[in-house]
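J.: structure.txt is reproduced below (compact mmCIF, C-alpha atoms).
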# COMPACT_ATOMS: atom_id res chain seq x y z
CA MET T 1 7.55 13.32 6.81
CA TYR T 2 4.82 11.01 8.20
CA GLY T 3 2.94 11.67 11.39
CA LYS T 4 0.71 14.24 13.15
CA PHE T 5 1.25 17.98 12.84
CA GLY T 6 -0.29 21.24 13.95
CA TYR T 7 -1.78 23.79 11.55
CA GLU T 8 1.45 25.65 10.71
CA PHE T 9 4.36 23.66 9.32
CA CYS T 10 6.34 22.71 6.22
CA VAL T 11 7.96 19.40 5.33
CA GLU T 12 10.34 18.86 2.41
CA LYS T 13 11.74 15.74 0.78
CA ASP T 14 13.77 16.07 -2.42
CA ASP T 15 11.28 17.39 -5.06
CA LEU T 16 8.35 17.42 -2.59
CA LYS T 17 7.22 20.28 -0.34
CA VAL T 18 4.06 20.27 1.81
CA CYS T 19 3.07 23.40 3.78
CA PHE T 20 0.19 24.57 5.96
CA SER T 21 -0.11 28.25 6.93
CA LYS T 22 -2.66 30.34 8.86
CA ASP T 23 -4.54 33.18 7.10
CA ASP T 24 -6.86 34.90 9.59
CA ASP T 25 -9.58 32.34 10.41
CA PHE T 26 -8.62 30.16 7.47
CA LEU T 27 -5.87 27.69 6.66
CA ARG T 28 -3.94 27.45 3.41
CA TYR T 29 -2.55 24.17 2.11
CA HIS T 30 0.22 24.15 -0.50
CA ARG T 31 1.84 21.07 -2.03
CA ASN T 32 4.54 21.16 -4.71
CA LEU T 33 5.71 17.86 -6.19
CA GLY T 34 8.15 18.14 -9.07
CA GLY T 35 6.62 21.43 -10.17
CA THR T 36 3.00 20.28 -9.91
CA VAL T 37 1.21 22.48 -7.38
CA VAL T 38 -1.97 21.75 -5.44
CA GLU T 39 -3.55 24.35 -3.13
CA ARG T 40 -6.54 24.25 -0.78
CA ILE T 41 -8.32 26.84 1.40
CA ILE T 42 -9.61 25.32 4.63
CA ALA T 43 -12.12 26.89 7.01
CA SER T 44 -10.76 25.69 10.33
CA GLU T 45 -9.10 27.42 13.24
CA SER T 46 -7.62 24.42 15.02
CA GLY T 47 -7.14 20.72 14.53
CA THR T 48 -4.58 18.13 13.49
CA VAL T 49 -2.93 17.31 10.18
CA ILE T 50 -2.05 13.67 9.56
CA ILE T 51 0.27 12.65 6.73
CA ASN T 52 0.56 8.90 6.17
CA PRO T 53 0.99 6.30 3.42
CA VAL T 54 -2.26 4.81 2.06
CA GLU T 55 -3.32 1.98 -0.25
CA PRO T 56 -1.43 2.55 -3.56
CA LEU T 57 -4.59 2.33 -5.65
CA ASN T 58 -6.00 5.85 -5.68
CA LEU T 59 -4.10 7.55 -8.51
CA PRO T 60 -5.29 8.55 -10.92
CA ASP T 61 -8.95 8.46 -9.82
CA GLU T 62 -9.07 4.85 -8.62
CA VAL T 63 -8.38 3.10 -11.93
CA THR T 64 -8.21 -0.27 -10.19
CA ARG T 65 -8.59 -1.88 -6.79
CA PHE T 66 -5.91 -4.53 -7.46
CA LEU T 67 -2.16 -4.38 -6.81
CA GLU T 68 0.08 -6.78 -8.76
CA ILE T 69 3.68 -7.31 -7.70
CA ARG T 70 5.86 -9.25 -10.13
CA PHE T 71 9.21 -10.73 -9.13
CA GLU T 72 11.86 -13.23 -10.15
CA PRO T 73 10.37 -16.78 -10.30
CA ILE T 74 10.60 -18.83 -7.11
CA GLU T 75 10.31 -22.64 -7.04
CA ILE T 76 8.62 -23.82 -3.83
CA GLU T 77 8.88 -27.43 -2.72
CA PRO T 78 5.75 -29.43 -1.81
CA GLU T 79 3.95 -28.55 1.45
CA ALA T 80 6.46 -25.83 2.34
CA THR T 81 6.18 -22.27 3.64
CA ARG T 82 8.79 -19.64 2.90
CA ARG T 83 8.96 -15.94 3.80
CA ILE T 84 10.18 -13.34 1.34
CA TYR T 85 10.12 -9.55 1.17
CA VAL T 86 9.01 -7.50 -1.84
CA THR T 87 8.49 -3.78 -2.31
CA PHE T 88 5.37 -1.83 -3.29
CA PRO T 89 4.87 1.77 -4.51
CA ILE T 90 3.84 4.42 -2.00
CA GLU T 91 0.91 6.82 -2.20
CA ILE T 92 0.74 9.53 0.45
CA ALA T 93 -2.45 11.08 1.85
CA VAL T 94 -2.96 14.30 3.78
CA PHE T 95 -5.82 14.24 6.32
CA LEU T 96 -7.43 16.93 8.43
CA MET T 97 -8.75 15.76 11.81
CA LYS T 98 -11.03 17.61 14.20
CA ASN T 99 -12.28 15.69 17.24
CA ASP T 100 -13.12 12.24 15.80
CA ALA T 101 -13.89 13.44 12.26
CA TYR T 102 -11.25 13.41 9.53
CA ARG T 103 -11.12 14.27 5.84
CA CYS T 104 -8.59 13.46 3.11
CA ILE T 105 -7.68 16.63 1.19
CA ASP T 106 -4.85 15.37 -1.01
CA ILE T 107 -3.23 12.17 -2.30
CA PHE T 108 0.03 12.10 -4.23
CA SER T 109 2.91 9.81 -5.10
CA ARG T 110 6.57 10.18 -6.00
CA VAL T 111 6.29 6.94 -8.05
CA PRO T 112 4.49 7.24 -11.45
CA PRO T 113 1.79 4.54 -11.68
CA LYS T 114 2.02 1.64 -14.13
CA TYR T 115 -0.79 -0.76 -15.04
CA SER T 116 -1.16 -4.31 -16.30
CA LEU T 117 -3.84 -6.95 -16.93
CA TYR T 118 -4.20 -10.03 -14.75
CA GLY T 119 -6.06 -12.72 -16.68
CA PRO T 120 -7.65 -12.78 -20.17
CA THR T 121 -8.59 -9.57 -21.95
CA ASP T 122 -12.32 -10.32 -21.66
CA THR T 123 -12.51 -11.46 -18.02
CA GLY T 124 -9.26 -10.27 -16.45
CA VAL T 125 -8.77 -7.32 -14.11
CA ILE T 126 -6.64 -4.19 -14.50
CA THR T 127 -3.91 -4.04 -11.86
CA ARG T 128 -1.54 -1.43 -10.50
CA TYR T 129 1.73 -3.01 -11.64
CA HIS T 130 5.02 -3.05 -9.77
CA TRP T 131 8.22 -5.00 -10.36
CA SER T 132 10.20 -5.89 -7.25
CA GLU T 133 13.42 -7.62 -6.45
CA VAL T 134 13.01 -10.63 -4.13
CA PHE T 135 14.59 -10.02 -0.73
CA LEU T 136 15.33 -12.79 1.75
CA ARG T 137 15.86 -10.23 4.51
CA ARG T 138 13.90 -7.05 5.12
CA PRO T 139 15.16 -4.28 2.79
CA GLU T 140 15.26 -0.58 3.64
CA PRO T 141 13.92 1.39 0.65
CA ASP T 142 13.20 5.13 0.75
CA PRO T 143 9.88 5.20 2.70
CA SER T 144 8.58 8.12 0.62
CA LEU T 145 8.90 5.96 -2.51
CA TYR T 146 8.44 2.29 -1.61
CA GLY T 147 7.10 0.14 1.17
CA VAL T 148 7.91 -3.45 2.09
CA VAL T 149 5.56 -6.45 2.04
CA GLU T 150 6.50 -9.28 4.39
CA LEU T 151 5.04 -12.14 2.34
CA ASP T 152 4.59 -15.75 3.47
CA LEU T 153 4.33 -18.16 0.52
CA MET T 154 2.49 -21.34 1.55
CA ASN T 155 2.48 -24.28 -0.87
CA SER T 156 -0.33 -26.57 0.30
CA THR T 157 0.09 -28.95 -2.66
CA LYS T 158 2.10 -32.14 -2.96
CA ASN T 159 3.92 -30.78 -6.01
CA TRP T 160 6.60 -28.22 -6.77
CA VAL T 161 5.06 -24.84 -7.64
CA GLU T 162 6.53 -21.84 -9.44
CA VAL T 163 5.51 -18.35 -8.30
CA SER T 164 6.47 -15.05 -9.91
CA ARG T 165 3.66 -12.67 -8.93
CA VAL T 166 1.18 -11.87 -6.23
CA VAL T 167 -2.11 -9.97 -6.66
CA PHE T 168 -3.87 -8.19 -3.80
CA GLU T 169 -7.25 -6.47 -3.54
CA ASN T 170 -7.45 -3.09 -1.82
CA PHE T 171 -9.97 -4.25 0.77
CA GLY T 172 -8.05 -5.52 3.76
CA MET T 173 -4.76 -3.68 3.12
CA LYS T 174 -3.19 -2.81 6.46
CA ILE T 175 -0.32 -0.35 6.19
CA TYR T 176 2.03 0.50 9.07
CA TYR T 177 4.79 3.09 9.16
CA ASP T 178 7.49 4.80 11.18
CA ASN T 179 10.25 7.27 10.27
CA ASP T 180 12.24 4.65 8.36
CA LEU T 181 9.82 2.06 6.98
CA VAL T 182 6.37 1.58 5.44
CA SER T 183 5.14 -1.99 5.55
CA MET T 184 2.38 -4.55 5.07
CA SER T 185 2.18 -8.14 6.26
CA ALA T 186 0.56 -10.67 3.90
CA GLY T 187 0.22 -14.32 3.01
CA MET T 188 -0.30 -16.28 -0.20
CA LYS T 189 -1.73 -19.81 0.14
CA ILE T 190 -1.24 -21.91 -2.98
CA TYR T 191 -3.76 -24.61 -3.88
CA THR T 192 -2.74 -25.37 -7.49
CA GLN T 193 -0.39 -23.86 -10.08
CA LYS T 194 -3.43 -21.87 -11.23
CA LEU T 195 -5.01 -20.93 -7.90
CA ALA T 196 -3.90 -19.14 -4.76
CA TYR T 197 -5.53 -16.97 -2.13
CA THR T 198 -3.90 -13.78 -0.88
CA ALA T 199 -4.68 -11.93 2.33
CA PHE T 200 -3.30 -9.21 4.58
CA GLU T 201 -2.63 -9.55 8.27
CA ASP T 202 -3.39 -6.64 10.57
CA LYS T 203 -0.01 -6.35 12.24
CA PRO T 204 3.23 -4.38 11.81
CA ILE T 205 6.37 -6.20 10.75
CA ILE T 206 8.28 -4.26 13.43
CA SER T 207 6.94 -3.57 16.90
CA GLY T 208 5.92 0.02 17.60
CA MET T 209 4.95 1.04 14.06
CA GLN T 210 1.93 3.36 13.57
CA LYS T 211 -1.12 2.13 11.66
CA SER T 212 -2.16 4.27 8.67
CA ILE T 213 -5.66 5.65 8.26
CA GLU T 214 -7.41 3.37 5.77
CA LEU T 215 -9.20 4.70 2.70
CA TYR T 216 -10.88 1.32 2.11
CA TYR T 217 -12.85 -0.72 4.60
CA SER T 218 -12.10 -4.40 5.07
CA ARG T 219 -14.37 -7.12 3.79
CA LYS T 220 -14.33 -10.15 6.07
CA LEU T 221 -15.36 -13.72 5.38
CA ALA T 222 -17.71 -15.29 7.90
CA GLY T 223 -15.75 -16.81 10.77
CA VAL T 224 -12.45 -15.26 9.70
CA ASP T 225 -11.04 -12.50 11.90
CA LYS T 226 -8.84 -9.67 10.60
CA LEU T 227 -8.40 -11.11 7.11
CA ALA T 228 -9.93 -10.40 3.69
CA TYR T 229 -9.08 -12.75 0.82
CA TYR T 230 -8.53 -12.42 -2.93
CA ALA T 231 -8.62 -15.47 -5.20
CA MET T 232 -5.78 -15.51 -7.73
CA ASP T 233 -7.44 -17.89 -10.20
CA GLU T 234 -5.59 -16.85 -13.37
CA GLY T 235 -2.21 -18.35 -12.51
CA LEU T 236 0.83 -17.61 -10.37
CA VAL T 237 3.37 -16.86 -13.14
Please, can you express the file's structure as structure tokens?

T.:
Amino acid sequence: MYGKFGYEFCVEKDDLKVCFSKDDDFLRYHRNLGGTVVERIIASESGTVIINPVEPLNLPDEVTRFLEIRFEPIEIEPEATRRIYVTFPIEIAVFLMKNDAYRCIDIFSRVPPKYSLYGPTDTGVITRYHWSEVFLRRPEPDPSLYGVVELDLMNSTKNWVEVSRVVFENFGMKIYYDNDLVSMSAGMKIYTQKLAYTAFEDKPIISGMQKSIELYYSRKLAGVDKLAYYAMDEGLV
């Protein structure tokens, strides 16, 4: 259901139906997800519709800019790097594009959002919460429901470290997709049991995947190319 479309089409996936239809010089948009209907009237004669996964932090109304993925605890030996795969919930955006200008007209998700708190109640941050199984090889979840994070865990300490969650900030999220997979590539560098830095890498985990239109712009540290960091300073478990 992802990709570029003309102005007259319908796509369906289980309880989801998205349709565009011409009405004289106007365009009608209709989306039905589990009985919830959204409709738009669009004044445009020609252009392109793009449907792609976006940062899963927009519903409802941008409650948070942080994504927290919890998983079964992993013990990492000193000065070691290990790669795992975890899932994340999908949000889907519908864009209209004319020439080089585009506009998002709808965002929806087949996964109801859950929220948590990372850190103390007075200084912590609200997070979009997701529990994931730990995969040692790339899984193949339904791409309309879940994506896959290829996550490199880097223990820079001289001690064993336990990790059971990763927290990301929306700035810097780079999502790629094809017909079968939605993915992000990320790293988590551990400095102490209480501190780690997380960042996304701007690359697909499989060659040939299409990059999603971003709803958030990256923030970059001076001298660091293609990466934006978040400091997890409230613990790794």

J.: Atom CA of Asp233 of chain T and atom CA of Tyr118 of chain T, how far apart in Å?

T.: 9.6 Å

J.: Write out as an MDAnalysis selection string each polymer residue whose atoms come within 12 Å of segment 38-40 of chain T, counting all atoms listed in the file; drop sequence neighbours fewer than 2 positions from it.

T.: chainID T and resid 16:21 26:36 42:44 94 96 104:108

J.: Mind writing the picked residues with C-alpha atoms as a compact mmCIF listing (two decimals), in the coordinates of the input?

T.:
# COMPACT_ATOMS: atom_id res chain seq x y z
CA LEU T 16 8.35 17.42 -2.59
CA LYS T 17 7.22 20.28 -0.34
CA VAL T 18 4.06 20.27 1.81
CA CYS T 19 3.07 23.40 3.78
CA PHE T 20 0.19 24.57 5.96
CA SER T 21 -0.11 28.25 6.93
CA PHE T 26 -8.62 30.16 7.47
CA LEU T 27 -5.87 27.69 6.66
CA ARG T 28 -3.94 27.45 3.41
CA TYR T 29 -2.55 24.17 2.11
CA HIS T 30 0.22 24.15 -0.50
CA ARG T 31 1.84 21.07 -2.03
CA ASN T 32 4.54 21.16 -4.71
CA LEU T 33 5.71 17.86 -6.19
CA GLY T 34 8.15 18.14 -9.07
CA GLY T 35 6.62 21.43 -10.17
CA THR T 36 3.00 20.28 -9.91
CA ILE T 42 -9.61 25.32 4.63
CA ALA T 43 -12.12 26.89 7.01
CA SER T 44 -10.76 25.69 10.33
CA VAL T 94 -2.96 14.30 3.78
CA LEU T 96 -7.43 16.93 8.43
CA CYS T 104 -8.59 13.46 3.11
CA ILE T 105 -7.68 16.63 1.19
CA ASP T 106 -4.85 15.37 -1.01
CA ILE T 107 -3.23 12.17 -2.30
CA PHE T 108 0.03 12.10 -4.23

J.: Would you list the contacts of segment 191-204 of chain T as a PyMOL selection string, taking every protein, DNA or RNA residue within 9 Å and counting all atoms listed in the file, but skipping same-chain residues closer than 6 positions in sequence?

T.: chain T and resi 154-157+159-163+166-169+172-177+183-185+210-211+226-237

J.: Tell me, in Å to one decimal, how far atom CA of Leu215 of chain T is from atom CA of Glu55 of chain T.

T.: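 Distance between the two atoms: 7.1 Å.
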
J.: How many Å lie between atom CA of Pro113 of chain T and atom CA of Val11 of chain T, rounded to one decimal?

T.: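 Between atom CA of Pro113 of chain T and atom CA of Val11 of chain T the gap works out to 23.4 Å.
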
J.: Using only C-alpha atoms, can you list as a PyMOL selection string the residues within 7 Å of (4.5, -10.4, 6.5)?

T.: chain T and resi 149-152+184-187+205

J.: Kindly export the residues of the current selection with C-alpha atoms, as a PDB file, in the coordinates of the input.

T.:
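New file out.pdb:
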ATOM      1  CA  VAL T 149       5.560  -6.450   2.040  1.00  0.00           C
ATOM      2  CA  GLU T 150       6.500  -9.280   4.390  1.00  0.00           C
ATOM      3  CA  LEU T 151       5.040 -12.140   2.340  1.00  0.00           C
ATOM      4  CA  ASP T 152       4.590 -15.750   3.470  1.00  0.00           C
ATOM      5  CA  MET T 184       2.380  -4.550   5.070  1.00  0.00           C
ATOM      6  CA  SER T 185       2.180  -8.140   6.260  1.00  0.00           C
ATOM      7  CA  ALA T 186       0.560 -10.670   3.900  1.00  0.00           C
ATOM      8  CA  GLY T 187       0.220 -14.320   3.010  1.00  0.00           C
ATOM      9  CA  ILE T 205       6.370  -6.200  10.750  1.00  0.00           C
TER      10      ILE T 205
END

J.: Residues within 9 Å of (-2.0, -0.5, -5.4), file coordinates, counting all atoms listed in the file: what are they? Give the list as a PyMOL selection string.

T.: chain T and resi 55-59+64-68+88-91+113+127-130+168-170

J.: Restricting the calculation to only C-alpha atoms: of T:Thr87, T:Val111, T:Ile74, T:Met97, which residue gets closest to Tyr7 of chain T?

T.: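 The answer is T:Met97, which sits nearest to Tyr7 of chain T.
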
J.: Which is closest to Asp100 of chain T among T:Gly6, T:Gly47, T:Gly147, T:Pro78, if we use all atoms listed in the file?

T.: T:Gly47

J.: When you count only C-alpha atoms, which of these residues is closest to Leu136 of chain T: T:Val86, T:Ala101, T:Leu153, T:Ile92?

T.: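 Of all the options, T:Val86 lies closest to Leu136 of chain T.
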